[in-house]
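Asker: One file: model.cif (mmCIF, C-alpha atoms).
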data_input
loop_
_atom_site.label_atom_id
_atom_site.label_comp_id
_atom_site.auth_asym_id
_atom_site.auth_seq_id
_atom_site.Cartn_x
_atom_site.Cartn_y
_atom_site.Cartn_z
CA MET O 1 -104.23 67.95 134.26
CA ALA O 2 -103.92 68.69 130.59
CA LYS O 3 -101.27 66.79 128.71
CA VAL O 4 -98.66 68.73 126.83
CA SER O 5 -98.10 67.39 123.36
CA SER O 6 -94.51 66.29 122.73
CA LYS O 7 -94.87 67.65 119.24
CA ASN O 8 -95.53 71.14 120.57
CA VAL O 9 -92.55 70.94 122.91
CA THR O 10 -90.31 69.94 120.05
CA LYS O 11 -91.52 72.82 117.92
CA LYS O 12 -90.99 75.31 120.74
CA SER O 13 -87.46 74.05 121.44
CA THR O 14 -86.62 74.12 117.73
CA LYS O 15 -87.85 77.70 117.47
CA LYS O 16 -85.72 78.69 120.44
CA LYS O 17 -82.61 77.07 118.94
CA SER O 18 -83.14 78.60 115.54
CA SER O 19 -83.74 82.00 117.04
CA SER O 20 -80.55 81.61 119.07
CA VAL O 21 -78.54 80.64 115.99
CA LYS O 22 -80.02 83.55 114.02
CA SER O 23 -79.13 85.88 116.86
CA LYS O 24 -75.50 84.68 116.86
CA GLU O 25 -75.24 84.88 113.07
CA SER O 26 -76.68 88.37 113.05
CA LYS O 27 -74.10 89.43 115.64
CA VAL O 28 -71.29 87.95 113.56
CA LEU O 29 -72.60 89.62 110.40
CA LEU O 30 -72.92 92.93 112.24
CA LYS O 31 -69.29 92.63 113.43
CA LEU O 32 -68.15 91.61 109.98
CA GLU O 33 -69.93 94.61 108.44
CA ASN O 34 -68.22 96.91 110.93
CA THR O 35 -64.88 95.26 110.17
CA SER O 36 -65.42 95.57 106.43
CA ALA O 37 -66.40 99.22 106.80
CA ASN O 38 -63.31 100.00 108.85
CA ASN O 39 -61.02 98.22 106.42
CA ALA O 40 -62.71 99.19 103.17
CA ARG O 41 -59.62 101.08 102.00
CA ASN O 42 -57.38 98.06 102.61
CA ILE O 43 -59.81 95.73 100.84
CA THR O 44 -60.07 98.06 97.84
CA ARG O 45 -56.25 98.19 97.54
CA SER O 46 -56.02 94.42 97.93
CA ASN O 47 -58.58 93.86 95.20
CA THR O 48 -56.61 96.18 92.93
CA LEU O 49 -53.41 94.17 93.55
CA LEU O 50 -55.10 90.80 93.16
CA ARG O 51 -57.13 91.34 90.01
CA THR O 52 -56.20 89.75 86.68
CA ASN O 53 -56.73 90.77 83.07
CA ASN O 54 -60.35 90.71 81.90
CA VAL O 55 -61.56 90.08 85.47
CA THR O 56 -63.11 92.90 87.53
CA GLN O 57 -62.94 92.56 91.30
CA PRO O 58 -66.29 93.02 93.08
CA ASP O 59 -67.06 96.14 95.02
CA VAL O 60 -67.14 95.67 98.78
CA ALA O 61 -70.77 96.78 98.95
CA SER O 62 -71.91 94.45 96.18
CA GLU O 63 -69.94 91.26 96.76
CA SER O 64 -73.05 89.11 97.09
CA ASN O 65 -74.23 90.06 93.59
CA SER O 66 -70.94 89.11 91.83
CA ASP O 67 -69.18 85.90 90.88
CA TYR O 68 -67.26 86.15 94.13
CA SER O 69 -68.71 84.85 97.41
CA VAL O 70 -67.85 86.00 100.91
CA ILE O 71 -67.06 83.00 103.05
CA THR O 72 -67.51 83.77 106.74
CA THR O 73 -66.35 81.44 109.48
CA ASN O 74 -67.65 81.86 113.02
CA ASN O 75 -65.05 80.68 115.49
CA HIS O 76 -66.80 82.38 118.43
CA ASP O 77 -63.76 84.66 118.58
CA ASP O 78 -63.74 88.14 117.06
CA ASN O 79 -59.97 88.03 116.44
CA LYS O 80 -60.29 84.79 114.44
CA THR O 81 -63.10 85.91 112.15
CA SER O 82 -61.70 85.71 108.60
CA SER O 83 -62.92 86.60 105.17
CA SER O 84 -61.68 85.36 101.81
CA LEU O 85 -62.54 85.95 98.20
CA SER O 86 -63.12 82.99 95.93
CA GLY O 87 -64.42 82.93 92.42
CA ASN O 88 -63.40 83.17 88.77
CA SER O 89 -60.24 85.17 89.48
CA ASN O 90 -58.38 82.21 91.01
CA TYR O 91 -56.79 84.65 93.43
CA ALA O 92 -57.50 84.43 97.12
CA TYR O 93 -56.46 86.08 100.35
CA SER O 94 -57.45 85.88 103.98
CA MET O 95 -57.97 88.90 106.20
CA SER O 96 -58.25 89.00 109.98
CA SER O 97 -60.55 91.36 111.85
CA LYS O 98 -57.52 93.57 112.46
CA GLY O 99 -57.08 94.10 108.71
CA ASN O 100 -54.00 91.86 108.19
CA ILE O 101 -54.04 90.25 104.74
CA SER O 102 -52.24 86.99 103.87
CA VAL O 103 -51.97 85.55 100.36
CA ASN O 104 -53.46 82.08 99.87
CA ASN O 105 -52.48 81.64 96.22
CA ALA O 106 -49.12 81.54 94.43
CA ASN O 107 -50.51 83.41 91.42
CA ALA O 108 -51.61 86.22 93.68
CA GLU O 109 -48.07 86.56 95.01
CA LYS O 110 -46.72 86.77 91.44
CA ASP O 111 -49.30 89.42 90.61
CA ILE O 112 -48.22 91.48 93.62
CA TYR O 113 -44.63 91.44 92.29
CA HIS O 114 -45.88 92.43 88.85
CA SER O 115 -47.73 95.37 90.38
CA VAL O 116 -44.39 96.88 91.42
CA ASN O 117 -42.73 96.04 88.08
CA LEU O 118 -40.77 92.99 89.27
CA PHE O 119 -40.55 89.87 87.09
CA SER O 120 -38.90 86.47 87.34
CA ARG O 121 -35.80 85.48 85.41
CA ASN O 122 -37.75 83.26 83.00
CA GLU O 123 -40.32 85.98 82.34
CA ILE O 124 -37.58 88.48 81.51
CA ASN O 125 -35.66 86.08 79.27
CA THR O 126 -38.85 85.17 77.41
CA ALA O 127 -40.05 88.75 76.90
CA LEU O 128 -36.73 90.54 76.37
CA TYR O 129 -36.75 90.14 72.58
CA ASN O 130 -40.47 90.09 71.79
CA LYS O 131 -42.28 92.26 74.37
CA THR O 132 -41.95 95.76 75.78
CA PHE O 133 -41.78 96.57 79.47
CA ARG O 134 -43.71 99.82 79.43
CA PHE O 135 -42.53 100.98 82.85
CA GLY O 136 -38.91 100.12 82.29
CA LEU O 137 -37.09 96.86 82.94
CA MET O 138 -35.48 96.08 86.28
CA ASN O 139 -33.31 93.02 85.67
CA PRO O 140 -31.29 92.12 88.77
CA TYR O 141 -30.56 88.66 87.35
CA GLY O 142 -28.74 90.01 84.32
CA SER O 143 -27.10 93.07 85.82
CA LEU O 144 -23.31 93.23 85.77
CA SER O 145 -21.52 94.73 88.75
CA THR O 146 -18.01 93.67 89.73
CA THR O 147 -15.71 92.00 87.20
CA ARG O 148 -12.05 91.06 87.19
CA GLU O 149 -9.65 91.37 84.28
CA TYR O 150 -7.05 88.75 83.44
CA LEU O 151 -4.34 89.59 80.92
CA PHE O 152 -2.28 86.81 79.36
CA PHE O 153 0.93 87.92 77.64
CA THR O 154 2.54 85.49 75.23
CA LYS O 155 6.30 85.41 74.79
CA PRO O 156 8.22 86.83 71.84
CA ASP O 157 11.05 84.72 70.50
CA LEU O 158 14.11 86.95 70.50
CA HIS O 159 17.25 85.30 69.18
CA ILE O 160 19.26 85.49 72.41
CA LEU O 161 20.38 81.90 72.80
CA SER O 162 21.62 80.09 69.76
CA THR O 163 19.04 77.99 67.83
CA ASN O 164 19.01 75.83 64.75
CA GLU O 165 16.55 75.84 61.84
CA ASN O 166 14.00 73.87 63.90
CA LEU O 167 14.25 76.34 66.79
CA ALA O 168 16.00 73.84 69.02
CA VAL O 169 17.90 75.88 71.60
CA THR O 170 21.46 75.28 72.67
CA ASP O 171 22.38 76.66 76.05
CA VAL O 172 24.89 79.13 74.66
CA LEU O 173 24.59 82.75 73.61
CA ASN O 174 23.85 83.66 70.04
CA PRO O 175 27.30 84.13 68.41
CA GLN O 176 26.13 87.61 67.34
CA LEU O 177 25.79 88.59 71.03
CA CYS O 178 28.50 86.61 72.82
CA SER O 179 31.07 89.39 72.60
CA LEU O 180 28.81 92.10 74.08
CA PRO O 181 29.14 92.59 77.87
CA TYR O 182 25.42 93.34 78.46
CA TRP O 183 24.36 89.99 77.01
CA VAL O 184 27.11 88.04 78.69
CA ASP O 185 26.04 89.46 82.06
CA LEU O 186 22.38 88.75 81.27
CA TYR O 187 23.22 85.15 80.37
CA ASN O 188 25.17 84.64 83.60
CA SER O 189 22.71 86.31 86.00
CA ARG O 190 19.18 86.47 84.56
CA LYS O 191 18.13 83.26 82.86
CA ASN O 192 14.51 83.98 83.91
CA THR O 193 14.55 87.17 81.82
CA ILE O 194 15.84 85.26 78.81
CA SER O 195 13.09 82.68 79.29
CA ALA O 196 10.45 85.44 79.26
CA LEU O 197 11.89 86.95 76.07
CA GLN O 198 12.71 83.81 74.08
CA LEU O 199 9.83 81.37 73.58
CA SER O 200 12.07 78.66 72.12
CA TYR O 201 14.04 78.57 75.39
CA ASP O 202 11.06 76.89 77.10
CA ARG O 203 8.22 76.02 74.73
CA SER O 204 6.30 74.13 77.41
CA ASP O 205 5.06 77.46 78.83
CA PRO O 206 4.13 80.04 76.17
CA PHE O 207 2.93 82.72 78.63
CA ASN O 208 4.87 85.56 80.21
CA HIS O 209 4.00 85.28 83.90
CA LEU O 210 6.28 88.18 84.87
CA LEU O 211 4.19 90.76 83.02
CA GLN O 212 0.96 89.06 84.00
CA ASN O 213 1.86 89.35 87.70
CA GLN O 214 3.26 92.87 87.56
CA VAL O 215 0.64 94.69 85.47
CA ILE O 216 -1.59 96.90 87.63
CA SER O 217 -3.78 98.66 85.05
CA ASN O 218 -6.49 97.58 82.67
CA LEU O 219 -6.01 97.09 78.96
CA ASP O 220 -7.66 99.95 77.06
CA ILE O 221 -9.27 98.73 73.88
CA PRO O 222 -10.25 100.85 70.87
CA GLY O 223 -13.87 101.65 70.12
CA LEU O 224 -15.39 101.05 66.71
CA SER O 225 -16.37 103.85 64.36
CA ALA O 226 -17.50 103.18 60.81
CA GLU O 227 -16.19 105.09 57.82
CA MET O 228 -18.67 106.88 55.59
CA VAL O 229 -18.48 106.56 51.79
CA ASP O 230 -19.24 109.69 49.75
CA THR O 231 -21.41 109.58 46.64
CA PRO O 232 -21.63 112.08 43.75
CA VAL O 233 -23.52 115.30 44.39
CA ASN O 234 -26.75 115.72 42.42
CA MET O 235 -27.88 118.83 40.49
CA TYR O 236 -29.20 120.38 43.71
CA GLY O 237 -25.87 120.09 45.44
CA VAL O 238 -27.00 117.31 47.71
CA GLY O 239 -24.84 114.28 48.30
CA TYR O 240 -25.54 111.18 50.32
CA GLN O 241 -23.07 109.20 52.39
CA TYR O 242 -23.27 105.44 52.72
CA ARG O 243 -22.01 103.59 55.72
CA GLY O 244 -18.70 101.90 55.10
CA SER O 245 -16.77 99.46 57.27
CA SER O 246 -15.46 99.91 60.80
CA GLU O 247 -12.58 97.45 60.39
CA ALA O 248 -10.04 100.27 60.15
CA ALA O 249 -10.73 101.02 63.82
CA ASP O 250 -9.26 97.60 64.68
CA ASP O 251 -5.95 98.37 63.00
CA ASN O 252 -2.82 99.80 64.62
CA PRO O 253 -4.16 100.44 68.14
CA GLU O 254 -1.88 102.12 70.62
CA PHE O 255 -2.25 101.73 74.37
CA SER O 256 -0.29 101.87 77.58
CA LEU O 257 -0.11 99.60 80.62
CA GLU O 258 1.19 100.36 84.07
CA PHE O 259 3.52 97.90 85.78
CA ARG O 260 4.90 97.67 89.27
CA ASP O 261 8.50 96.64 89.81
CA THR O 262 10.70 95.18 92.50
CA LYS O 263 13.85 96.64 94.00
CA PHE O 264 15.75 94.18 91.80
CA LEU O 265 14.14 95.79 88.72
CA ASP O 266 12.82 92.56 87.24
CA THR O 267 10.21 94.33 85.11
CA TYR O 268 12.56 97.12 84.04
CA THR O 269 15.23 94.61 83.03
CA TYR O 270 12.73 92.81 80.84
CA PHE O 271 11.85 95.94 78.84
CA LYS O 272 15.45 97.20 78.88
CA THR O 273 16.64 93.93 77.36
CA TYR O 274 13.94 94.15 74.72
CA GLU O 275 15.08 97.68 73.80
CA GLU O 276 18.73 96.63 73.60
CA TYR O 277 17.82 93.77 71.28
CA GLU O 278 15.72 96.00 69.01
CA THR O 279 18.55 98.51 68.71
CA LEU O 280 20.97 95.77 67.65
CA LYS O 281 18.42 94.41 65.18
CA HIS O 282 17.93 97.87 63.70
CA HIS O 283 21.68 98.15 63.04
CA GLY O 284 21.90 94.65 61.59
CA ILE O 285 24.05 93.27 64.39
CA VAL O 286 21.58 90.58 65.41
CA SER O 287 19.09 88.75 63.20
CA PRO O 288 16.13 86.42 63.81
CA SER O 289 16.43 82.67 63.68
CA LYS O 290 16.33 81.19 60.17
CA TYR O 291 12.93 79.68 60.87
CA TYR O 292 11.33 83.13 61.19
CA ILE O 293 13.15 84.51 58.17
CA LYS O 294 12.06 81.58 56.03
CA ASN O 295 8.40 81.73 57.17
CA LYS O 296 8.25 85.54 57.29
CA ILE O 297 7.13 85.67 60.92
CA LEU O 298 7.72 88.62 63.24
CA HIS O 299 9.77 87.01 65.97
CA ASP O 300 9.79 90.01 68.28
CA ALA O 301 6.01 90.53 68.51
CA PHE O 302 3.63 88.87 70.96
CA ALA O 303 -0.09 88.76 71.79
CA ILE O 304 -2.20 89.85 74.75
CA TYR O 305 -5.39 88.00 75.64
CA LYS O 306 -7.95 89.93 77.65
CA PHE O 307 -10.62 88.18 79.77
CA LEU O 308 -13.27 89.80 81.94
CA VAL O 309 -14.84 87.35 84.39
CA ASP O 310 -18.00 87.67 86.46
CA GLU O 311 -18.28 87.81 90.26
CA ASP O 312 -17.77 84.04 90.46
CA MET O 313 -14.21 84.58 89.11
CA GLU O 314 -14.79 82.00 86.37
CA THR O 315 -17.62 82.93 84.01
CA ILE O 316 -16.24 84.88 81.05
CA VAL O 317 -18.21 88.03 80.31
CA TYR O 318 -15.95 89.50 77.61
CA TYR O 319 -12.79 88.44 75.80
CA GLY O 320 -10.49 89.89 73.16
CA LYS O 321 -6.99 89.67 71.74
CA MET O 322 -4.29 92.13 70.73
CA TYR O 323 -2.20 90.79 67.84
CA GLY O 324 1.37 91.72 66.99
CA VAL O 325 2.14 93.69 70.17
CA THR O 326 5.48 95.43 70.66
CA PRO O 327 6.57 97.80 73.47
CA LYS O 328 7.70 101.20 72.22
CA SER O 329 8.88 103.06 75.32
CA LEU O 330 11.15 102.65 78.31
CA PRO O 331 10.40 105.17 81.10
CA ARG O 332 13.81 105.34 82.72
CA ASP O 333 12.97 108.87 83.83
CA VAL O 334 11.18 107.23 86.77
CA PHE O 335 14.62 106.94 88.37
CA SER O 336 15.02 110.72 88.35
CA SER O 337 13.25 110.61 91.71
CA THR O 338 14.77 109.29 94.91
CA ASN O 339 11.45 108.79 96.72
CA PHE O 340 9.79 105.41 96.25
CA ASP O 341 7.58 105.26 99.31
CA ASN O 342 4.78 103.70 97.27
CA GLY O 343 7.08 101.36 95.40
CA ILE O 344 8.21 101.58 91.80
CA SER O 345 5.63 101.70 89.04
CA TYR O 346 5.65 103.13 85.55
CA SER O 347 3.69 103.09 82.32
CA ILE O 348 4.85 101.35 79.14
CA ASP O 349 3.51 102.34 75.70
CA PHE O 350 2.60 99.58 73.26
CA LYS O 351 1.55 99.32 69.64
CA ALA O 352 -0.37 96.39 68.16
CA ALA O 353 -1.15 95.27 64.62
CA PHE O 354 -4.89 94.91 65.26
CA TYR O 355 -7.49 93.95 67.86
CA GLU O 356 -10.39 91.48 67.78
CA ASP O 357 -12.99 90.52 70.34
CA MET O 358 -15.84 88.07 71.03
CA LYS O 359 -14.83 85.63 68.30
CA PRO O 360 -14.68 81.94 69.27
CA ASP O 361 -11.45 81.40 67.35
CA ILE O 362 -9.73 83.62 69.96
CA LEU O 363 -10.67 81.07 72.62
CA ALA O 364 -9.51 78.25 70.35
CA ASP O 365 -6.12 79.98 69.90
CA PHE O 366 -5.78 80.45 73.65
CA ASN O 367 -6.60 76.82 74.40
CA LYS O 368 -4.21 75.60 71.71
CA LEU O 369 -1.39 77.45 73.45
CA SER O 370 -2.24 76.33 76.96
CA ILE O 371 -3.62 72.80 76.53
CA ASN O 372 -0.35 70.89 77.08
CA LEU O 373 0.67 72.98 80.08
CA TYR O 374 -2.82 72.73 81.54
CA LYS O 375 -2.96 68.94 81.25
CA ALA O 376 0.48 68.61 82.84
CA GLN O 377 -0.74 70.16 86.11
CA LYS O 378 -2.01 67.92 88.89
CA TYR O 379 -4.35 70.11 90.90
CA GLN O 380 -7.51 71.96 89.96
CA ILE O 381 -7.64 75.42 91.53
CA THR O 382 -11.08 76.86 92.17
CA PRO O 383 -12.01 80.32 93.48
CA TYR O 384 -13.23 78.76 96.73
CA ASN O 385 -11.59 75.79 98.43
CA SER O 386 -14.20 73.65 100.18
CA VAL O 387 -11.51 71.67 102.03
CA LEU O 388 -9.89 74.74 103.57
CA ASP O 389 -13.23 76.58 103.78
CA HIS O 390 -11.81 79.81 102.38
CA ALA O 391 -10.67 81.33 99.10
CA ASP O 392 -8.10 79.28 97.24
CA THR O 393 -5.17 81.65 96.77
CA ARG O 394 -2.64 79.14 95.44
CA PRO O 395 -0.79 80.48 92.39
CA ALA O 396 -1.88 78.75 89.19
CA LYS O 397 0.37 77.52 86.45
CA ALA O 398 -2.05 77.35 83.53
CA ALA O 399 -5.56 78.37 82.51
CA TYR O 400 -8.01 76.84 80.06
CA VAL O 401 -11.40 77.87 78.67
CA VAL O 402 -14.25 75.36 78.96
CA LYS O 403 -17.85 75.50 77.73
CA GLU O 404 -20.48 74.61 80.33
CA SER O 405 -24.23 74.31 80.03
CA SER O 406 -26.28 76.88 81.97
CA ASN O 407 -29.98 77.18 82.70
CA ILE O 408 -29.44 80.85 83.57
CA SER O 409 -27.78 82.12 80.40
CA PRO O 410 -30.20 82.79 77.51
CA THR O 411 -27.74 81.01 75.19
CA GLY O 412 -27.93 77.82 77.25
CA TYR O 413 -24.18 77.78 77.93
CA VAL O 414 -21.33 79.92 79.29
CA TYR O 415 -17.57 79.98 78.84
CA LYS O 416 -15.54 79.58 82.01
CA LEU O 417 -11.87 80.18 82.75
CA LYS O 418 -10.47 77.20 84.67
CA TRP O 419 -7.11 77.06 86.45
CA LYS O 420 -4.69 74.30 87.38
CA GLY O 421 -1.42 74.32 89.29
CA SER O 422 1.32 72.20 90.79
CA ASP O 423 0.96 73.24 94.45
CA VAL O 424 -0.87 70.85 96.75
CA ILE O 425 -3.29 72.25 99.37
#
Take the structure I supplied and represent it as structure tokens, if you would.
Answerer:
Amino acid sequence: MAKVSSKNVTKKSTKKKSSSVKSKESKVLLKLENTSANNARNITRSNTLLRTNNVTQPDVASESNSDYSVITTNNHDDNKTSSSLSGNSNYAYSMSSKGNISVNNANAEKDIYHSVNLFSRNEINTALYNKTFRFGLMNPYGSLSTTREYLFFTKPDLHILSTNENLAVTDVLNPQLCSLPYWVDLYNSRKNTISALQLSYDRSDPFNHLLQNQVISNLDIPGLSAEMVDTPVNMYGVGYQYRGSSEAADDNPEFSLEFRDTKFLDTYTYFKTYEEYETLKHHGIVSPSKYYIKNKILHDAFAIYKFLVDEDMETIVYYGKMYGVTPKSLPRDVFSSTNFDNGISYSIDFKAAFYEDMKPDILADFNKLSINLYKAQKYQITPYNSVLDHADTRPAKAAYVVKESSNISPTGYVYKLKWKGSDVI
């Protein structure tokens, strides 16, 4: 019987195995080609999304001839066959046989956002001043939506209670007013009104909380418009105008604010008392304290600070100040009606000396007024109370502006309006 060489058997078995492997690989390649053909549109779109500058994605039909290689994994399962691009682009994705694409690289995800004109906060802050977004800029991080306005009214210092040259108050009526029934009744029944109208009565709190609580409208501020300076006309009748200053637009603004009132007419009594005092001053019956006469200070004027805060109720977006404010109307015609189903409210007209905004010295003035009152309070009041797990609605006694560092603001810091009060949780 002829012997069969072991070497021949080994060669035959090796040929059979290699032919079997080639058969399986050819089947996988055939399936992959069919899959690629069916999903050519998806692959083309994906390559468009995933390409970078100066790098051209390979065509599906010519991937083997480019810098990109097709990596095929045979898991003996058609649903698990995956394909990925790898090469100089540094972008990669995986795609199942059903055409589902998943991103395998963080840079590819960023590029997908860029393809629909979306950019990160840092990219926007970096490019805002030195690059141009050719398809428009969508900036959700810097957009402003809801704000809240806080108005702080300071107190005038009407000479209602008697004072000395140092503005020390004695708890008696000014001798110029003690014989007038209106002021005697006010002294006996409405000490709170006197406190809101005479700063020297209680210097520990320079703010008028009555008006701050009762105002229900926003403070209208004047816009700026520059004056133009004329020049001589030349021989052709042509003259040129130079831009002047806009500071005149800050002077003498007039505005109105709407206030609600109670059935005890607390707000109306405040403005009525102010009008009565001004009438007596006009006729020379009452005069300011000697301190104001000596230093030439308007004792009957006050200031209004305006703060707009962001959605967090603390971050200051805008701030300004009205100087030398005086009320100039008293709408007693509101009582011509007998129907107050919606409560009592009316508008008061004001006139100011001038208005300024977005100057740090305004914040310094505000803090100088409130610092002592703010430090005297025991409890910090935040918009949200983590102990009670709801909004902190305790009334505050004083506010103060602080400067905090911020990695969000392009300036590196923000101003915040902080509150403190005397009420425990």
Asker: Quick one, how far is atom CA of Ser179 of chain O from atom CA of Tyr291 of chain O?
Answerer: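 Atom CA of Tyr291 of chain O lies at a distance of 23.7 Å from atom CA of Ser179 of chain O.
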Asker: Rank O:Lys272, O:Lys397, O:Arg260, O:Lys306 by their smallest atom-to-atom distance to Leu186 of chain O, using all atoms listed in the file, and report the top residue only.
Answerer: O:Lys272
Asker: Grab the atom CA of Tyr415 of chain O to atom CA of Lys403 of chain O distance for me, in Å with one decimal place.
Answerer: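 Distance between the two atoms: 4.6 Å.
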Asker: Have a look at atom CA of Phe307 of chain O and atom CA of Thr147 of chain O and let me know their distance in Å, one decimal.
Answerer: 9.8 Å
Asker: Just so the selection is clear, what residues does the PyMOL selection byres ((chain O and resi 380-395) around 12) cover here, as a PDB file with C-alpha atoms, in the frame of the given file?
Answerer:
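Contents of the output file selection-v6.pdb:
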ATOM      1  CA  HIS O 209       4.000  85.280  83.900  1.00  0.00           C
ATOM      2  CA  ASN O 213       1.860  89.350  87.700  1.00  0.00           C
ATOM      3  CA  VAL O 309     -14.840  87.350  84.390  1.00  0.00           C
ATOM      4  CA  ASP O 310     -18.000  87.670  86.460  1.00  0.00           C
ATOM      5  CA  GLU O 311     -18.280  87.810  90.260  1.00  0.00           C
ATOM      6  CA  ASP O 312     -17.770  84.040  90.460  1.00  0.00           C
ATOM      7  CA  MET O 313     -14.210  84.580  89.110  1.00  0.00           C
ATOM      8  CA  GLU O 314     -14.790  82.000  86.370  1.00  0.00           C
ATOM      9  CA  THR O 315     -17.620  82.930  84.010  1.00  0.00           C
ATOM     10  CA  TYR O 374      -2.820  72.730  81.540  1.00  0.00           C
ATOM     11  CA  LYS O 375      -2.960  68.940  81.250  1.00  0.00           C
ATOM     12  CA  ALA O 376       0.480  68.610  82.840  1.00  0.00           C
ATOM     13  CA  GLN O 377      -0.740  70.160  86.110  1.00  0.00           C
ATOM     14  CA  LYS O 378      -2.010  67.920  88.890  1.00  0.00           C
ATOM     15  CA  TYR O 379      -4.350  70.110  90.900  1.00  0.00           C
ATOM     16  CA  ALA O 396      -1.880  78.750  89.190  1.00  0.00           C
ATOM     17  CA  LYS O 397       0.370  77.520  86.450  1.00  0.00           C
ATOM     18  CA  ALA O 398      -2.050  77.350  83.530  1.00  0.00           C
ATOM     19  CA  ALA O 399      -5.560  78.370  82.510  1.00  0.00           C
ATOM     20  CA  TYR O 400      -8.010  76.840  80.060  1.00  0.00           C
ATOM     21  CA  LYS O 416     -15.540  79.580  82.010  1.00  0.00           C
ATOM     22  CA  LEU O 417     -11.870  80.180  82.750  1.00  0.00           C
ATOM     23  CA  LYS O 418     -10.470  77.200  84.670  1.00  0.00           C
ATOM     24  CA  TRP O 419      -7.110  77.060  86.450  1.00  0.00           C
ATOM     25  CA  LYS O 420      -4.690  74.300  87.380  1.00  0.00           C
ATOM     26  CA  GLY O 421      -1.420  74.320  89.290  1.00  0.00           C
ATOM     27  CA  SER O 422       1.320  72.200  90.790  1.00  0.00           C
ATOM     28  CA  ASP O 423       0.960  73.240  94.450  1.00  0.00           C
ATOM     29  CA  VAL O 424      -0.870  70.850  96.750  1.00  0.00           C
ATOM     30  CA  ILE O 425      -3.290  72.250  99.370  1.00  0.00           C
TER      31      ILE O 425
END
Asker: From the block you just saw, export segment 122-135 of chain O: N, CA and C atoms, as a tab-separated table (two decimals), in the first residue's frame.
Answerer:
chain	number	residue	atom	x	y	z
O	122	ASN	N	-16.52	79.74	24.91
O	122	ASN	CA	-15.16	80.23	24.78
O	122	ASN	C	-14.85	80.63	23.33
O	123	GLU	N	-15.36	79.87	22.39
O	123	GLU	CA	-15.13	80.22	20.98
O	123	GLU	C	-15.77	81.55	20.63
O	124	ILE	N	-16.97	81.79	21.16
O	124	ILE	CA	-17.66	83.05	20.88
O	124	ILE	C	-16.95	84.22	21.53
O	125	ASN	N	-16.57	84.06	22.82
O	125	ASN	CA	-15.88	85.15	23.52
O	125	ASN	C	-14.55	85.49	22.86
O	126	THR	N	-13.86	84.46	22.34
O	126	THR	CA	-12.57	84.69	21.70
O	126	THR	C	-12.72	85.40	20.36
O	127	ALA	N	-13.75	85.02	19.60
O	127	ALA	CA	-13.89	85.53	18.23
O	127	ALA	C	-14.76	86.78	18.12
O	128	LEU	N	-15.44	87.15	19.19
O	128	LEU	CA	-16.45	88.22	19.08
O	128	LEU	C	-15.84	89.53	18.59
O	129	TYR	N	-14.62	89.84	19.02
O	129	TYR	CA	-14.02	91.12	18.70
O	129	TYR	C	-12.99	91.06	17.57
O	130	ASN	N	-12.62	89.85	17.13
O	130	ASN	CA	-11.57	89.80	16.10
O	130	ASN	C	-11.87	88.85	14.95
O	131	LYS	N	-13.07	88.29	14.89
O	131	LYS	CA	-13.46	87.44	13.77
O	131	LYS	C	-14.90	87.75	13.39
O	132	THR	N	-15.29	87.27	12.20
O	132	THR	CA	-16.64	87.51	11.70
O	132	THR	C	-17.36	86.18	11.50
O	133	PHE	N	-18.52	86.05	12.10
O	133	PHE	CA	-19.36	84.88	11.88
O	133	PHE	C	-20.19	85.15	10.62
O	134	ARG	N	-19.79	84.52	9.54
O	134	ARG	CA	-20.35	84.86	8.23
O	134	ARG	C	-21.82	84.46	8.08
O	135	PHE	N	-22.28	83.52	8.87
O	135	PHE	CA	-23.67	83.09	8.78
O	135	PHE	C	-24.50	83.58	9.96
